[in-house]
$ cat input_30.txt   # compact mmCIF, C-alpha atoms and all ligand atoms
# COMPACT_ATOMS: atom_id res chain seq x y z
CA MET P 12 0.00 0.00 0.00
CA SER P 13 1.22 3.44 -0.78
CA GLU P 14 0.77 6.63 1.21
CA THR P 15 -2.25 8.57 0.11
CA THR P 16 -1.54 11.79 1.94
CA PHE P 17 1.56 13.86 2.53
CA MET P 18 1.54 16.22 5.48
CA GLY P 19 -2.21 15.85 5.56
CA VAL P 20 -2.58 16.82 1.92
CA GLU P 21 -4.11 14.49 -0.63
CA ARG P 22 -1.10 13.03 -2.47
CA SER P 23 -2.73 13.37 -5.86
CA LEU P 24 -2.82 17.16 -5.43
CA ILE P 25 0.94 17.34 -5.11
CA ASP P 26 3.02 17.48 -8.25
CA TRP P 27 6.16 15.51 -7.42
CA LYS P 28 7.54 12.82 -9.68
CA PRO P 29 10.56 12.17 -11.82
CA VAL P 30 10.43 13.30 -15.44
CA ILE P 31 12.38 11.20 -17.92
CA ASP P 32 14.33 12.97 -20.62
CA TYR P 33 14.15 10.39 -23.38
CA ARG P 34 16.88 12.11 -25.35
CA LYS P 35 19.28 11.19 -22.55
CA CYS P 36 17.89 7.96 -21.08
CA ASP P 37 19.78 4.86 -22.17
CA TYR P 38 17.37 2.39 -20.51
CA CYS P 39 19.93 1.06 -18.07
CA MET P 40 16.99 0.64 -15.63
CA GLU P 41 19.06 1.52 -12.58
CA CYS P 42 16.20 3.75 -11.42
CA VAL P 43 13.70 0.92 -11.68
CA ARG P 44 15.92 -1.48 -9.76
CA PHE P 45 16.46 1.09 -7.07
CA CYS P 46 13.04 2.54 -6.36
CA PRO P 47 10.85 0.31 -4.17
CA HIS P 48 7.69 2.34 -4.80
CA LYS P 49 6.67 1.06 -8.23
CA VAL P 50 6.79 4.53 -9.73
CA PHE P 51 8.34 3.33 -12.97
CA GLU P 52 7.13 0.73 -15.40
CA VAL P 53 9.30 -1.13 -17.88
CA ARG P 54 7.78 -1.87 -21.28
CA GLU P 55 10.11 -4.30 -22.95
CA ASP P 56 8.36 -4.44 -26.30
CA GLU P 57 7.56 -0.80 -26.80
CA GLU P 58 9.73 1.79 -28.36
CA ILE P 59 9.59 3.84 -25.18
CA LYS P 60 10.72 1.23 -22.71
CA LEU P 61 10.28 3.14 -19.51
CA ILE P 62 7.43 5.29 -18.26
CA ILE P 63 6.31 6.91 -15.04
CA LYS P 64 3.40 4.63 -14.25
CA ASN P 65 2.46 5.74 -10.74
CA PRO P 66 3.57 9.33 -10.23
CA HIS P 67 1.75 9.57 -6.91
CA ASN P 68 3.72 6.71 -5.46
CA CYS P 69 6.80 8.86 -5.65
CA VAL P 70 7.87 10.05 -2.20
CA VAL P 71 7.48 13.81 -2.07
CA PHE P 72 10.90 15.50 -2.10
CA CYS P 73 12.76 12.25 -2.76
CA ARG P 74 15.18 12.52 -5.67
CA ALA P 75 17.08 9.35 -5.01
CA CYS P 76 16.75 7.73 -8.42
CA SER P 77 18.23 10.77 -10.16
CA LYS P 78 21.42 10.21 -8.17
CA LEU P 79 21.84 6.84 -9.82
CA CYS P 80 21.06 7.92 -13.33
CA GLY P 81 24.30 7.94 -15.30
CA PRO P 82 23.13 10.09 -18.23
CA ASP P 83 21.36 12.53 -15.88
CA ALA P 84 18.02 11.91 -17.55
CA LEU P 85 15.75 12.40 -14.53
CA SER P 86 14.51 15.73 -13.29
CA PHE P 87 12.02 16.87 -10.67
CA PRO P 88 9.65 19.78 -10.15
CA ASP P 89 10.89 22.89 -8.36
CA LYS P 90 10.95 21.98 -4.68
CA ASN P 91 10.13 25.50 -3.50
CA ILE P 92 7.07 25.72 -5.67
CA THR P 93 5.92 22.34 -4.40
CA THR P 94 6.51 23.40 -0.78
CA GLN P 95 4.54 26.61 -1.31
CA ARG P 96 1.72 24.71 -2.93
CA ILE P 97 1.50 22.25 -0.04
CA LYS P 98 1.37 25.13 2.42
CA GLU P 99 -1.39 26.81 0.42
CA ILE P 100 -3.48 23.66 0.26
CA ARG P 101 -3.08 23.22 4.00
CA LYS P 102 -4.27 26.79 4.55
CA GLU P 103 -7.28 26.22 2.33
CA MET P 104 -8.10 23.05 4.24
CA GLU P 105 -7.94 24.93 7.55
CA GLY P 106 -10.33 27.53 6.13
CA HIS P 107 -12.86 24.85 5.38
CA GLY P 108 -12.66 23.60 8.95
CA MET B 23 50.00 16.79 -5.32
CA VAL B 24 48.22 13.55 -6.05
CA GLU B 25 50.80 10.97 -5.15
CA ASN B 26 51.12 7.47 -3.81
CA PHE B 27 47.58 6.49 -4.64
CA ALA B 28 46.11 3.39 -6.14
CA ILE B 29 43.84 4.81 -8.82
CA LEU B 30 40.69 2.96 -9.76
CA PRO B 31 39.13 4.68 -12.76
CA CYS B 32 35.99 4.09 -14.73
CA ASN B 33 37.14 3.34 -18.22
CA GLY B 34 33.70 3.01 -19.68
CA LEU B 35 33.86 2.98 -23.43
CA ASP B 36 30.23 3.85 -23.81
CA LYS B 37 30.49 7.43 -22.67
CA CYS B 38 32.65 10.46 -23.00
CA ALA B 39 32.96 10.70 -19.21
CA GLY B 40 34.43 7.19 -19.11
CA VAL B 41 37.02 8.02 -21.69
CA ILE B 42 37.96 11.14 -19.76
CA SER B 43 38.27 9.14 -16.53
CA ARG B 44 40.62 6.73 -18.19
CA GLU B 45 42.78 9.51 -19.61
CA LEU B 46 42.82 11.30 -16.27
CA ALA B 47 44.05 8.15 -14.55
CA ILE B 48 46.80 7.68 -17.10
CA ARG B 49 47.95 11.24 -16.73
CA LEU B 50 47.97 11.04 -12.92
CA SER B 51 50.04 7.88 -13.09
CA GLU B 52 52.52 9.41 -15.52
CA GLN B 53 53.00 12.56 -13.54
CA ALA B 54 53.60 11.09 -10.10
CA ASP B 55 53.91 7.85 -8.26
CA ASN B 56 50.35 6.65 -8.69
CA LYS B 57 49.38 3.18 -9.81
CA ILE B 58 46.34 2.30 -11.86
CA ILE B 59 44.04 -0.59 -11.08
CA CYS B 60 42.37 -1.70 -14.29
CA PRO B 61 38.71 -2.15 -13.43
CA VAL B 62 38.08 -4.72 -16.13
CA PHE B 63 40.90 -6.98 -15.07
CA TYR B 64 40.28 -6.37 -11.38
CA ARG B 65 36.75 -7.63 -11.71
CA VAL B 66 37.89 -11.04 -12.92
CA SER B 67 41.11 -11.38 -11.00
CA GLU B 68 42.05 -9.77 -7.72
CA THR B 69 45.48 -11.18 -7.13
CA LYS B 70 47.32 -8.77 -9.31
CA TYR B 71 46.03 -5.76 -7.42
CA ASN B 72 45.48 -6.95 -3.88
CA LYS B 73 48.84 -5.78 -2.60
CA LEU B 74 48.50 -2.41 -4.28
CA ALA B 75 45.02 -1.92 -2.89
CA ALA B 76 46.15 -2.83 0.61
CA GLU B 77 49.20 -0.61 0.62
CA ARG B 78 47.95 2.59 -0.91
CA PRO B 79 44.97 4.84 -0.29
CA LEU B 80 42.40 4.48 -3.03
CA PHE B 81 41.55 7.25 -5.46
CA VAL B 82 38.40 6.46 -7.40
CA ILE B 83 37.56 8.23 -10.64
CA ASP B 84 33.94 7.68 -11.62
CA GLY B 85 32.80 8.78 -15.03
CA CYS B 86 29.14 9.33 -14.28
CA GLN B 87 26.52 8.82 -11.61
CA THR B 88 26.33 5.12 -12.31
CA ARG B 89 29.54 5.10 -10.25
CA CYS B 90 30.77 1.76 -11.54
CA ALA B 91 34.27 2.29 -10.15
CA SER B 92 32.92 3.13 -6.67
CA LYS B 93 30.67 0.11 -6.79
CA LEU B 94 33.58 -2.07 -7.75
CA ALA B 95 35.55 -0.69 -4.80
CA ALA B 96 32.64 -1.49 -2.51
CA GLU B 97 32.35 -4.97 -3.94
CA LYS B 98 36.00 -5.58 -3.20
CA ASN B 99 35.67 -4.09 0.28
CA LEU B 100 38.04 -1.26 -0.43
CA LYS B 101 37.79 1.98 1.44
CA ILE B 102 37.68 5.00 -0.83
CA ALA B 103 40.04 7.73 0.31
CA ARG B 104 39.24 10.19 -2.43
CA ARG B 105 36.79 10.24 -5.27
CA ILE B 106 35.74 12.45 -8.10
CA ILE B 107 32.89 12.04 -10.54
CA VAL B 108 33.91 13.42 -13.93
CA ALA B 109 30.35 14.24 -15.03
CA ASP B 110 29.85 16.31 -11.86
CA GLU B 111 33.12 18.11 -12.33
CA ALA B 112 32.15 18.97 -15.88
CA LYS B 113 28.75 20.18 -14.71
CA ASN B 114 30.27 22.34 -11.97
CA ARG B 115 32.33 23.99 -14.66
CA HIS B 116 29.34 24.42 -16.96
CA MET B 117 30.82 22.10 -19.54
CA GLU B 118 28.51 19.87 -21.55
CA LEU B 119 30.00 16.47 -22.23
CA THR B 120 29.40 15.24 -25.76
CA ASP B 121 28.92 11.73 -27.14
CA SER B 122 32.46 11.71 -28.40
CA LEU B 123 34.70 8.84 -27.42
CA ARG B 124 37.74 10.75 -28.56
CA ILE B 125 39.74 13.18 -26.53
CA THR B 126 39.35 16.35 -28.53
CA GLU B 127 40.35 19.82 -27.48
CA ARG B 128 37.35 20.19 -25.19
CA GLU B 129 37.96 16.98 -23.30
CA ALA B 130 41.68 17.71 -23.10
CA ALA B 131 40.92 21.10 -21.61
CA LEU B 132 38.74 19.55 -18.92
CA ILE B 133 41.42 16.97 -18.14
CA ASP B 134 44.06 19.68 -17.82
CA LEU B 135 41.81 21.63 -15.54
CA LEU B 136 41.09 18.64 -13.34
CA ILE B 137 44.75 17.69 -13.14
CA HIS B 138 45.68 21.21 -12.24
CA THR B 139 43.02 21.44 -9.55
CA LEU B 140 43.91 18.06 -8.15
CA HIS B 141 47.61 18.79 -7.94
CA GLU B 142 47.60 22.40 -6.93
CA GLU B 143 44.50 23.33 -5.12
CA SER B 144 43.03 22.85 -1.74
CA TRP B 145 42.29 19.31 -0.77
CA ASN B 146 39.45 20.65 1.17
CA HIS B 147 36.74 18.34 0.11
CA PRO B 148 36.95 14.61 0.11
CA ALA B 149 34.66 14.25 -2.83
CA ALA B 150 34.54 17.37 -4.93
CA LEU B 151 37.19 19.67 -6.21
CA THR B 152 35.16 22.78 -6.11
CA GLY B 153 35.12 23.64 -2.43
CA SER B 154 35.67 27.20 -1.38
CA PRO B 155 39.16 27.94 -0.17
CA GLY B 156 39.14 28.68 3.51
CA SER B 157 37.16 25.68 4.53
CA THR B 158 40.28 23.59 4.77
CA ASP B 159 39.33 22.57 8.29
CA ARG B 160 36.75 20.23 6.92
CA SER B 161 38.81 17.32 5.83
CA GLU B 162 41.84 17.61 7.99
CA GLY B 163 41.43 14.02 8.97
CA LEU B 164 41.62 12.97 5.39
CA ILE B 165 44.52 15.23 4.52
CA ASP B 166 46.36 14.11 7.63
CA ARG B 167 45.94 10.55 6.70
CA LEU B 168 46.98 10.89 3.11
CA PHE B 169 49.56 13.60 3.24
CA ASP B 170 52.09 14.82 5.63
CA VAL B 171 50.58 18.17 6.27
CA GLY B 172 52.61 20.16 8.76
CA ASN B 173 50.82 23.47 8.79
CA LYS B 174 47.28 22.76 9.62
CA SER B 175 44.99 25.55 8.72
CA ASP B 176 43.05 27.03 11.55
CA THR B 177 40.60 29.00 9.54
CA ASP B 178 37.70 27.56 11.39
CA LEU B 179 34.51 29.03 10.04
CA ARG B 180 32.31 27.23 12.43
CA ILE B 181 30.70 28.58 15.49
CA PRO B 182 31.21 26.10 18.29
CA ALA B 183 27.96 24.30 18.80
CA GLU B 184 28.32 23.69 22.48
CA ASP B 185 24.66 23.40 23.18
CA LEU B 186 24.17 20.65 20.62
CA ASP B 187 27.34 18.91 21.74
CA ALA B 188 26.44 18.91 25.40
CA SER B 189 25.31 15.57 26.69
CA PHE B 190 21.75 14.88 25.70
CA ASP B 191 19.62 11.99 26.75
CA PHE B 192 18.06 10.39 23.74
CA ASP B 193 14.90 8.62 24.68
CA TYR B 194 14.29 5.90 22.10
CA GLU B 195 11.28 3.90 21.12
CA THR B 196 12.10 0.90 18.96
CA ILE B 197 10.47 -1.08 16.18
CA GLN B 198 11.83 -4.54 15.66
CA ASN B 199 11.67 -6.55 12.50
CA GLY B 200 13.62 -9.78 12.62
CA LYS B 201 17.18 -8.86 13.37
CA PHE B 202 16.63 -5.23 12.44
CA ILE B 203 16.00 -2.72 15.15
CA PHE B 204 14.78 0.75 14.28
CA ARG B 205 15.27 3.32 17.02
CA ILE B 206 13.29 6.54 16.93
CA PRO B 207 13.95 9.27 19.49
CA LYS B 208 10.91 10.56 21.37
CA ASN B 209 12.39 13.81 22.59
CA ARG B 210 10.15 16.81 21.94
CA ASP B 211 12.85 18.95 20.31
CA ILE B 212 13.46 16.38 17.60
CA PHE B 213 11.52 16.80 14.36
CA PHE B 214 11.27 14.54 11.33
CA ASN B 215 10.34 14.81 7.70
CA GLU B 216 8.78 12.04 5.69
CA ASN B 217 12.11 11.57 3.93
CA ASP B 218 13.59 9.87 6.98
CA CYS B 219 15.73 12.72 8.21
CA TRP B 220 15.63 14.15 11.73
CA ALA B 221 16.56 17.52 13.20
CA ARG B 222 17.28 18.29 16.84
CA VAL B 223 16.55 21.93 17.48
CA SER B 224 18.35 24.00 20.07
CA GLY B 225 17.74 27.74 19.99
CA ASN B 226 18.30 28.95 16.45
CA ARG B 227 20.28 25.91 15.43
CA ALA B 228 19.56 22.35 14.50
CA ARG B 229 21.64 19.25 14.19
CA ILE B 230 20.48 17.04 11.35
CA GLY B 231 20.91 13.44 10.38
CA VAL B 232 19.23 10.37 8.97
CA THR B 233 17.10 7.92 10.91
CA ASP B 234 17.72 4.27 11.61
CA TYR B 235 15.39 3.45 8.76
CA VAL B 236 17.88 4.91 6.28
CA GLN B 237 21.00 3.37 7.73
CA GLN B 238 19.37 -0.06 8.02
CA ASN B 239 18.26 0.10 4.40
CA LEU B 240 21.58 1.24 3.05
CA SER B 241 23.51 -1.18 5.27
CA ASP B 242 27.26 -0.48 5.47
CA ILE B 243 27.79 3.17 4.71
CA LEU B 244 31.05 3.64 2.89
CA TYR B 245 31.07 7.20 1.82
CA PHE B 246 29.96 10.55 3.12
CA TYR B 247 29.66 13.48 0.75
CA PRO B 248 28.99 16.48 2.96
CA PRO B 249 27.46 19.84 2.17
CA GLU B 250 29.74 22.88 2.31
CA VAL B 251 29.97 24.93 5.46
CA GLY B 252 28.35 28.24 4.54
CA ASP B 253 25.86 26.73 2.07
CA GLU B 254 22.36 28.12 2.24
CA ILE B 255 19.87 25.27 2.18
CA ASP B 256 16.15 25.49 1.49
CA GLN B 257 13.72 23.38 3.40
CA PHE B 258 13.71 19.96 1.70
CA GLY B 259 16.92 20.88 -0.10
CA GLU B 260 19.87 18.53 -0.36
CA LEU B 261 22.11 18.38 2.66
CA GLY B 262 24.82 16.05 1.44
CA THR B 263 24.65 12.42 0.48
CA ILE B 264 25.69 9.14 2.01
CA GLU B 265 26.47 6.06 0.06
CA SER B 266 26.71 2.34 0.57
CA SER B 267 27.40 -0.35 -1.97
CA LYS B 268 23.62 -0.64 -2.32
CA ALA B 269 22.58 2.93 -2.94
CA VAL B 270 23.08 6.62 -2.55
CA PHE B 271 20.89 8.53 -0.13
CA GLU B 272 20.42 12.25 -0.41
CA LEU B 273 19.66 13.97 2.87
CA VAL B 274 16.54 16.06 2.59
CA SER B 275 16.94 18.94 5.01
CA PRO B 276 14.00 19.29 7.41
CA PHE B 277 14.78 22.97 7.93
CA SER B 278 15.99 25.87 5.85
CA GLY B 279 19.16 27.59 6.98
CA LYS B 280 22.87 27.97 6.66
CA VAL B 281 25.28 25.10 7.19
CA ILE B 282 27.52 25.96 10.14
CA ALA B 283 29.16 22.62 10.80
CA ILE B 284 29.51 19.16 9.43
CA ASN B 285 30.41 16.05 11.36
CA GLU B 286 34.02 15.69 10.34
CA LYS B 287 34.35 12.36 12.08
CA LEU B 288 32.26 10.84 9.32
CA GLU B 289 34.91 11.48 6.72
CA LYS B 290 37.15 8.94 8.37
CA ASN B 291 34.41 6.83 9.90
CA PRO B 292 31.19 6.91 7.92
CA GLU B 293 30.22 3.71 9.72
CA LEU B 294 29.33 5.87 12.74
CA ILE B 295 26.07 6.51 10.89
CA ASN B 296 25.34 2.79 11.06
CA GLU B 297 26.26 2.63 14.72
CA ASN B 298 23.96 5.43 15.73
CA PRO B 299 22.70 8.00 13.24
CA TYR B 300 21.26 10.23 15.99
CA GLU B 301 24.31 10.58 18.22
CA LEU B 302 27.86 10.17 16.86
CA GLY B 303 26.48 9.72 13.35
CA TRP B 304 24.85 13.14 12.95
CA ILE B 305 25.51 14.82 9.61
CA ALA B 306 25.42 18.61 9.77
CA GLU B 307 24.36 21.59 11.79
CA ILE B 308 22.50 24.53 10.39
CA GLU B 309 21.53 27.96 11.60
CA LEU B 310 17.79 28.16 11.13
CA THR B 311 16.17 30.73 8.88
CA ASP B 312 12.48 30.12 9.44
CA PRO B 313 12.02 27.45 12.10
CA GLU B 314 8.37 28.14 12.81
CA GLY B 315 7.38 28.21 9.14
CA ASP B 316 9.36 25.06 8.45
CA LYS B 317 7.82 23.17 11.36
CA GLU B 318 4.45 23.39 9.62
CA LEU B 319 5.71 20.75 7.22
CA LEU B 320 7.49 18.55 9.74
CA ILE B 321 6.25 15.80 11.97
CA GLY B 322 6.97 14.77 15.53
CA PHE B 323 7.76 11.42 17.05
CA GLU B 324 4.24 9.95 17.08
CA LYS B 325 3.59 10.48 13.41
CA TYR B 326 7.06 9.43 12.30
CA PHE B 327 6.85 6.31 14.43
CA GLU B 328 3.54 5.41 12.82
CA ILE B 329 4.86 5.98 9.29
CA THR B 330 8.04 3.99 9.91
CA LYS B 331 6.14 1.14 11.49
CA LYS B 332 3.96 0.94 8.43
CA LYS B 333 6.94 1.05 6.07
CA VAL B 334 8.72 -1.68 7.98
CA GLU B 335 5.61 -3.84 7.95
CA ASP B 336 5.00 -3.24 4.23
CA ALA B 337 8.57 -4.20 3.45
CA ASN B 338 7.95 -7.41 5.34
CA VAL B 339 4.94 -8.33 3.28
CA LYS B 340 6.83 -8.06 0.00
S1 LIG Q 401 18.55 5.43 -14.56
FE1 LIG Q 401 18.39 7.10 -16.04
S2 LIG Q 401 19.20 6.25 -17.93
FE2 LIG Q 401 18.81 4.52 -16.60
S3 LIG Q 401 16.71 3.89 -17.20
FE3 LIG Q 401 16.51 5.30 -15.46
S4 LIG Q 401 16.18 7.30 -16.41
FE4 LIG Q 401 16.98 5.95 -18.01
S1 LIG Q 402 12.29 10.05 -6.39
FE1 LIG Q 402 12.47 8.41 -4.90
S2 LIG Q 402 10.38 7.62 -4.69
FE2 LIG Q 402 10.41 8.91 -6.53
S3 LIG Q 402 10.78 7.51 -8.19
FE3 LIG Q 402 12.79 8.26 -7.56
S4 LIG Q 402 13.52 6.80 -6.01
FE4 LIG Q 402 11.35 6.42 -6.32
$ encode --input "input_30.txt" --output "structure tokens" --more "lines below"
Ligand code: SF4
Ligand code: SF4
Amino acid sequence: MSETTFMGVERSLIDWKPVIDYRKCDYCMECVRFCPHKVFEVREDEEIKLIIKNPHNCVVFCRACSKLCGPDALSFPDKNITTQRIKEIRKEMEGHG
Amino acid sequence: MVENFAILPCNGLDKCAGVISRELAIRLSEQADNKIICPVFYRVSETKYNKLAAERPLFVIDGCQTRCASKLAAEKNLKIARRIIVADEAKNRHMELTDSLRITEREAALIDLLIHTLHEESWNHPAALTGSPGSTDRSEGLIDRLFDVGNKSDTDLRIPAEDLDASFDFDYETIQNGKFIFRIPKNRDIFFNENDCWARVSGNRARIGVTDYVQQNLSDILYFYPPEVGDEIDQFGELGTIESSKAVFELVSPFSGKVIAINEKLEKNPELINENPYELGWIAEIELTDPEGDKELLIGFEKYFEITKKKVEDANVK
């Protein structure tokens, strides 16, 4: 089972996931082997062999897989924007009691 | 001067960074008494290099983040004394690496630059060449060990963190899973984020580290890549990385602030993080910028305990 909220905020409202740059990715699959959260999916027979299947499984603010990516093909949203957004949503939630 | 090392380079022929690593190793061995360990041969046969590896400190040159050479060192149980990652060095210098497997002018220029920096400049960072001069205090242990440095620099930028160093009674709750024990401190002034990092706050400072969950998952930690003293870190920004043969873990800072100290003991003994990541194995201290604002997005013991318990149980089910 994966977490469904982060800091009390519905996980699906938070934009945090790796983005694959297919111009750089060489399908070494290090990221897939590493991440235990089933964020990635390997598609052996397709032209694009790797996709982000479950973006909301990605642990907010984790960037671990990008550290293992040789060609530097993984990027993440701007952490400050994400932080701000989480704070805003929390404020809104307070407002609605 | 880079001298008296055993050099273990990446010599990956599938990437420019690998080719540069190989060339860099050759140059370092030509210029001074350094000996190369061929990673390809070393993988199949240890005997040739065992003596070399035992006698000399190890200098690892990784081409890219795949860190094949570091992984090989870990596999062979070698302690890395010094490492650079060519792709990072290129990035720090705003140089794009191409797909070329030839050393052209560009690559040669980078190699020259790296050699120059390695030989001439401050050995102030165990893992990157780009540290600011003046922070030479940070890796004295390493420099001491590798070089006969007579004039130790005393340019200590840090403010003594007496309050955080004073004896502190950690009050642990534990979660057990087979032979693994996960300690989590209950003290009220310790905060956590959901990225398994903790912060112990004292006045306007905090000492930060990873939790038992991280060190148990990584198992033997071999390498500590600290942040720079003086760095300004955002909340959830990167506060250094630690590395085992299994993986790299990036510390996600619970608080925003300025790095005022790092745990220098870890440079020589990263295994202290495995022993106790809350006490001797702390990572860094920061001066807090917005503690109250940051706390809004942090959790206390109860919540972190609950989350960890669930993670440990889920891992069990797999
Ligand atoms: S680690 Fe990087 S290069 Fe390898 S499959 Fe993942 S995204 Fe692609
Ligand atoms: S950032 Fe972390 S949780 Fe997200 S995909 Fe990468 S390793 Fe998995």
$ closest_residue --input "input_30.txt" --among "B:Gln87, B:Thr120, B:Ser92, B:Asn199" --to "chain P" --atoms "all atoms listed in the file"
B:Gln87
$ interface_residues --input "input_30.txt" --of "chain B" --to "chain P" --cutoff "7 Å" --atoms "all atoms listed in the file" --output "MDAnalysis selection string"
chainID B and resid 86:88 217 258 270:272 319
$ closest_residue --input "input_30.txt" --among "P:Arg22, P:Lys60, P:His48, P:Lys102" --to "ligand LIG 401 (chain Q)" --atoms "all atoms listed in the file"
P:Lys60
$ residues_around --input "input_30.txt" --residues "stretch 70-75 of chain B" --least-positions-apart "6" --cutoff "8 Å" --atoms "only C-alpha atoms" --output "ChimeraX atom specification"
/B:28,57,59,64,100
$ atom_distance --input "input_30.txt" --atom1 "atom CA of B:Pro248" --atom2 "atom CA of B:Leu261"
7.1 Å
$ atom_distance --input "input_30.txt" --atom1 "atom CA of B:Glu335" --atom2 "atom CA of B:Val274"
23.3 Å
$ atom_distance --input "input_30.txt" --atom1 "atom CA of P:Glu58" --atom2 "atom S4 of ligand LIG 401 (chain Q)"
14.7 Å
$ residues_near_point --input "input_30.txt" --point "(27.0, 18.7, -14.4)" --cutoff "12 Å" --atoms "all atoms listed in the file" --output "list in words"
Lys78, Gly81, Pro82, Asp83 and Ala84 of chain P; Ala39, Gly85, Cys86, Gln87, Ile107, Val108, Ala109, Asp110, Glu111, Ala112, Lys113, Asn114, Arg115, His116, Met117, Glu118 and Leu119 of chain B
$ axis_aligned_box --input "input_30.txt" --around "stretch 35-45 of chain P" --padding-each-side "6 Å" --output "JSON"
{"center_x": 16.8, "center_y": 4.9, "center_z": -14.8, "size_x": 18.2, "size_y": 24.7, "size_z": 27.5}
$ closest_residue --input "input_30.txt" --among "B:Leu30, B:Gly231, B:Ser43, B:Arg89" --to "ligand LIG 401 (chain Q)" --atoms "all atoms listed in the file"
B:Arg89
$ closest_residue --input "input_30.txt" --among "B:Ile282, B:Pro276, B:Thr311, B:Ile206" --to "B:Pro299" --atoms "all atoms listed in the file"
B:Ile206
$ closest_residue --input "input_30.txt" --among "P:Thr16, P:Asn65, P:Ser86, P:Ser23" --to "ligand LIG 401 (chain Q)" --atoms "all atoms listed in the file"
P:Ser86
$ closest_residue --input "input_30.txt" --among "P:Val53, P:Cys69, P:Ile92, P:Cys42" --to "ligand LIG 401 (chain Q)" --atoms "only C-alpha atoms and all ligand atoms"
P:Cys42
$ residues_near_point --input "input_30.txt" --point "(26.3, 7.1, 4.5)" --cutoff "6 Å" --atoms "all atoms listed in the file" --output "list in words"
Ile243, Tyr245, Phe246, Ile264, Glu265 and Pro292 of chain B
$ build_atoms --input "input_30.txt" --residues "stretch 98-102 of chain P" --atoms "all heavy atoms" --output "PDB file, in the coordinates of the input"
ATOM      1  N   LYS P  98       1.777  24.206   1.359  1.00  0.00           N
ATOM      2  CA  LYS P  98       1.370  25.130   2.420  1.00  0.00           C
ATOM      3  C   LYS P  98       0.024  25.784   2.092  1.00  0.00           C
ATOM      4  O   LYS P  98      -0.838  25.920   2.957  1.00  0.00           O
ATOM      5  CB  LYS P  98       2.439  26.190   2.647  1.00  0.00           C
ATOM      6  CG  LYS P  98       3.656  25.639   3.385  1.00  0.00           C
ATOM      7  CD  LYS P  98       4.598  26.737   3.827  1.00  0.00           C
ATOM      8  CE  LYS P  98       5.727  26.137   4.671  1.00  0.00           C
ATOM      9  NZ  LYS P  98       6.823  27.068   4.906  1.00  0.00           N
ATOM     10  N   GLU P  99      -0.132  26.179   0.825  1.00  0.00           N
ATOM     11  CA  GLU P  99      -1.390  26.810   0.420  1.00  0.00           C
ATOM     12  C   GLU P  99      -2.569  25.856   0.597  1.00  0.00           C
ATOM     13  O   GLU P  99      -3.600  26.232   1.153  1.00  0.00           O
ATOM     14  CB  GLU P  99      -1.335  27.205  -1.071  1.00  0.00           C
ATOM     15  CG  GLU P  99      -0.607  28.508  -1.330  1.00  0.00           C
ATOM     16  CD  GLU P  99      -0.260  28.652  -2.826  1.00  0.00           C
ATOM     17  OE1 GLU P  99      -0.971  28.050  -3.665  1.00  0.00           O
ATOM     18  OE2 GLU P  99       0.738  29.339  -3.107  1.00  0.00           O
ATOM     19  N   ILE P 100      -2.372  24.633   0.149  1.00  0.00           N
ATOM     20  CA  ILE P 100      -3.480  23.660   0.260  1.00  0.00           C
ATOM     21  C   ILE P 100      -3.841  23.458   1.733  1.00  0.00           C
ATOM     22  O   ILE P 100      -5.012  23.394   2.096  1.00  0.00           O
ATOM     23  CB  ILE P 100      -3.119  22.318  -0.406  1.00  0.00           C
ATOM     24  CG1 ILE P 100      -2.840  22.525  -1.893  1.00  0.00           C
ATOM     25  CG2 ILE P 100      -4.264  21.313  -0.237  1.00  0.00           C
ATOM     26  CD1 ILE P 100      -2.317  21.298  -2.614  1.00  0.00           C
ATOM     27  N   ARG P 101      -2.801  23.406   2.565  1.00  0.00           N
ATOM     28  CA  ARG P 101      -3.080  23.220   4.000  1.00  0.00           C
ATOM     29  C   ARG P 101      -3.876  24.395   4.563  1.00  0.00           C
ATOM     30  O   ARG P 101      -4.767  24.218   5.393  1.00  0.00           O
ATOM     31  CB  ARG P 101      -1.775  23.016   4.767  1.00  0.00           C
ATOM     32  CG  ARG P 101      -1.216  21.595   4.567  1.00  0.00           C
ATOM     33  CD  ARG P 101       0.213  21.493   5.017  1.00  0.00           C
ATOM     34  NE  ARG P 101       0.398  21.813   6.420  1.00  0.00           N
ATOM     35  CZ  ARG P 101       0.457  20.919   7.394  1.00  0.00           C
ATOM     36  NH1 ARG P 101       0.326  19.649   7.113  1.00  0.00           N
ATOM     37  NH2 ARG P 101       0.640  21.284   8.635  1.00  0.00           N
ATOM     38  N   LYS P 102      -3.527  25.592   4.112  1.00  0.00           N
ATOM     39  CA  LYS P 102      -4.270  26.790   4.550  1.00  0.00           C
ATOM     40  C   LYS P 102      -5.726  26.696   4.141  1.00  0.00           C
ATOM     41  O   LYS P 102      -6.626  26.921   4.944  1.00  0.00           O
ATOM     42  CB  LYS P 102      -3.655  28.054   3.930  1.00  0.00           C
ATOM     43  CG  LYS P 102      -2.384  28.494   4.591  1.00  0.00           C
ATOM     44  CD  LYS P 102      -2.505  29.912   5.176  1.00  0.00           C
ATOM     45  CE  LYS P 102      -1.378  30.158   6.160  1.00  0.00           C
ATOM     46  NZ  LYS P 102      -0.051  30.047   5.508  1.00  0.00           N
TER      47      LYS P 102
END
